[in-house]
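Trainee: What follows is a single structure, and I will ask about it in a moment.
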Amino acid sequence: MYDLPAAEALRKAAAATRRLARRCAREPRALDLLTALACLALMALDVPGLAAEDNSLNGVVATLVLAAGAATLLVRRAVPWVPFLIALVLLGWLHELTLAQFALYSLGRYRGRLAGIAGVVLYVAFAYVMFTLPGWPVHRGDTLSEFLSLVVPIGALAAGVGVAANRQDLVRALEAQRAETQALQAVQRERSRIARDVHDFVGRELTLLSVRSQVLARRAGDAPCADGFDELSETARSAHRMLNEIIVQRGVDGAPTPGLEALAELAGASGRAGSPVELVVDGAAYRLSPLRQAAVHRVVQECLTNAAKHAPGAAVAVSVRVADGRLRVRVRNALPAGLPTAAPVSAGTGTTGMAERVRAVGGTFSAGPHADAYVVEADLPTGDLT
């Protein structure tokens with residue numbers, strides 16, 4: 001029979017330990033303090049023996065000496081050689097091995113393989129010298145074989161674990177750098193798409209302005225306003241040429257992003273793929289500028305793609321509403337009930353691209369789990385409705 005209160009207490013203790021570990025991982029100083037306290041607790045077990053073997057140390061003095069040594073672990077990230085040298089002092093004076101283990105781990109963790117190897121060599125050599133001198137305690141190894149089987153594995157194992165942790169740190173740093181690079185690339189790609197859309201939408205309006213000005217100039221004939229229409233037409237053509245030089249000649253090409261009229265096609269494609277879409281679009285939204293409609297299309301398109309990847313088969317609710325001069329886009333899909341059998345292929349930069357597109361037109365963007373669903377929300381100014 002299980003003792004339910006005891007099991008619940010263990011569960012709570014395990015949860016508290018996990019929370020503490022996560023907090024320490026986020027706060028390096030807290031982890032260093034916890035490490036120093038753990039080292040001191042282990043060394044405190046030797047205090048009675050130290051006081052008995054050395055009449056110059058009583059229990060209080062021995063505790064203070066060991067506490068001072070453990071305190072050097074607080075600087076192990078910046079100067080790991082300091083706790084290592086203090087560990088050698090305690091090894092030579094009190095034959096204390098515990099701090100040496102923590103110091104060798106810190107050397108391997110924060111200075112890498114070469115420092116870890118150098119630390120182990122110095123530690124073993126120094127310990128061997130102390131072993132050959134009178135006064136080496138029997139419980140640290142009375143014969144050479146006992147000494148080698150105790151002291152050497154302690155140092156090699158501690159440094160080896162530190163070097164392995166150092167490699168993991170390098171891998172995590174590389175992954176973080178890669179993720180940051182991918183996010184920057186996603187932002188750059190989205191900016192290129194925005195520039196392409198600006199060119200296509202604005203260029204079309206400039207072309208229409210130029211053509212209409214020419215028509216009005218011909219209708220005006222010899223009227224005084226005819227020259228003004230010609231000047232307006234030339235200004236529109238000049239602006240279009242500048243737009244081409246700034247955007248087109250820098251490699252931005254491709255078709256412009258569709259507007260709201262293409263949302264129904266996106267919803268239909270998603271439904272055929274197994275993820276039904278409930279699409280609600282206010283009629284006023286169709287009067288938005290092409291750039292804002294393109295932003296909405298981009299958000300909905302990416303959301304439907306993400307839903308198909310991470311929650312296949314889940315229904316998706318898409319809402320595009322206009323109220324109080326704001327355009328509000330909300331996409332919601334249920335979170336998957338369990339882990340997929342295979343992780344979806346994803347660069348993880350779609351959310352970054354959506355956020356850049358929305359912010360480019362002065363909006364705000366948020367995405368994340370909410371209760372039992374994943375919700376993406378974008379809030380944009382409507383601007384002048386056509």
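Residue numbering restarts at 1 in every chain; chains get A, B, ... in the order shown in the structure tokens, and ligands count up from 1 in that same order.
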Extract, using only C-alpha atoms, all DNA, RNA and protein residues at most 9 Å from Arg77 in chain A, discarding same-chain residues fewer than 4 positions from it, and format them as a ChimeraX atom specification.

Mentor: /A:32,73,106-107,109-111

Trainee: Write a file of the just-selected residues containing C-alpha atoms, as a tab-separated table (two decimals), in the first residue's frame.

Mentor:
```tsv
chain	number	residue	atom	x	y	z
A	32	ASP	CA	26.90	29.76	-7.69
A	73	LEU	CA	33.18	29.35	-5.65
A	106	SER	CA	34.60	24.83	-12.57
A	107	LEU	CA	37.88	24.86	-14.49
A	109	ARG	CA	33.16	24.09	-17.26
A	110	TYR	CA	34.26	27.70	-17.67
A	111	ARG	CA	37.74	27.40	-19.20
```

Trainee: Pick out the residues sitting within 8 Å of Val187 in chain A, and hand them over as a VMD selection string; count only C-alpha atoms, and ignore anything fewer than 2 positions along from it in its own chain.

Mentor: chain A and resid 183 to 185 189 to 191 352 to 353 356

Trainee: Generate a file of the selected residues that holds C-alpha atoms, formatted as an mmCIF file, in the first residue's frame.

Mentor:
```
data_model
loop_
_atom_site.group_PDB
_atom_site.id
_atom_site.type_symbol
_atom_site.label_atom_id
_atom_site.label_comp_id
_atom_site.auth_asym_id
_atom_site.auth_seq_id
_atom_site.Cartn_x
_atom_site.Cartn_y
_atom_site.Cartn_z
ATOM 1 C CA ALA A 183 15.166 35.394 -36.912
ATOM 2 C CA LEU A 184 17.169 38.230 -38.466
ATOM 3 C CA GLN A 185 16.994 36.539 -41.848
ATOM 4 C CA ARG A 189 12.904 38.423 -45.960
ATOM 5 C CA GLU A 190 9.715 39.964 -44.648
ATOM 6 C CA ARG A 191 11.063 43.452 -45.220
ATOM 7 C CA THR A 352 9.035 36.605 -36.492
ATOM 8 C CA GLY A 353 7.987 37.328 -40.078
ATOM 9 C CA GLU A 356 7.615 42.277 -38.685
#
```

Trainee: Can you pull out every residue within 9 Å of Val280 in chain A, counting only C-alpha atoms, but drop anything in the same chain fewer than 2 positions away, and send it as a PyMOL selection string?

Mentor: chain A and resi 278+282+317-321

Trainee: Would you compute the distance between CA of Val361 in chain A and CA of Ala239 in chain A? Give it in Å to one decimal.

Mentor: 21.3 Å

Trainee: Which residue is closest to Thr143 in chain A? Choose from A:Leu380, A:Leu66, A:Val89, A:Tyr128 and count only C-alpha atoms.

Mentor: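 Nearest to Thr143 in chain A: A:Tyr128.
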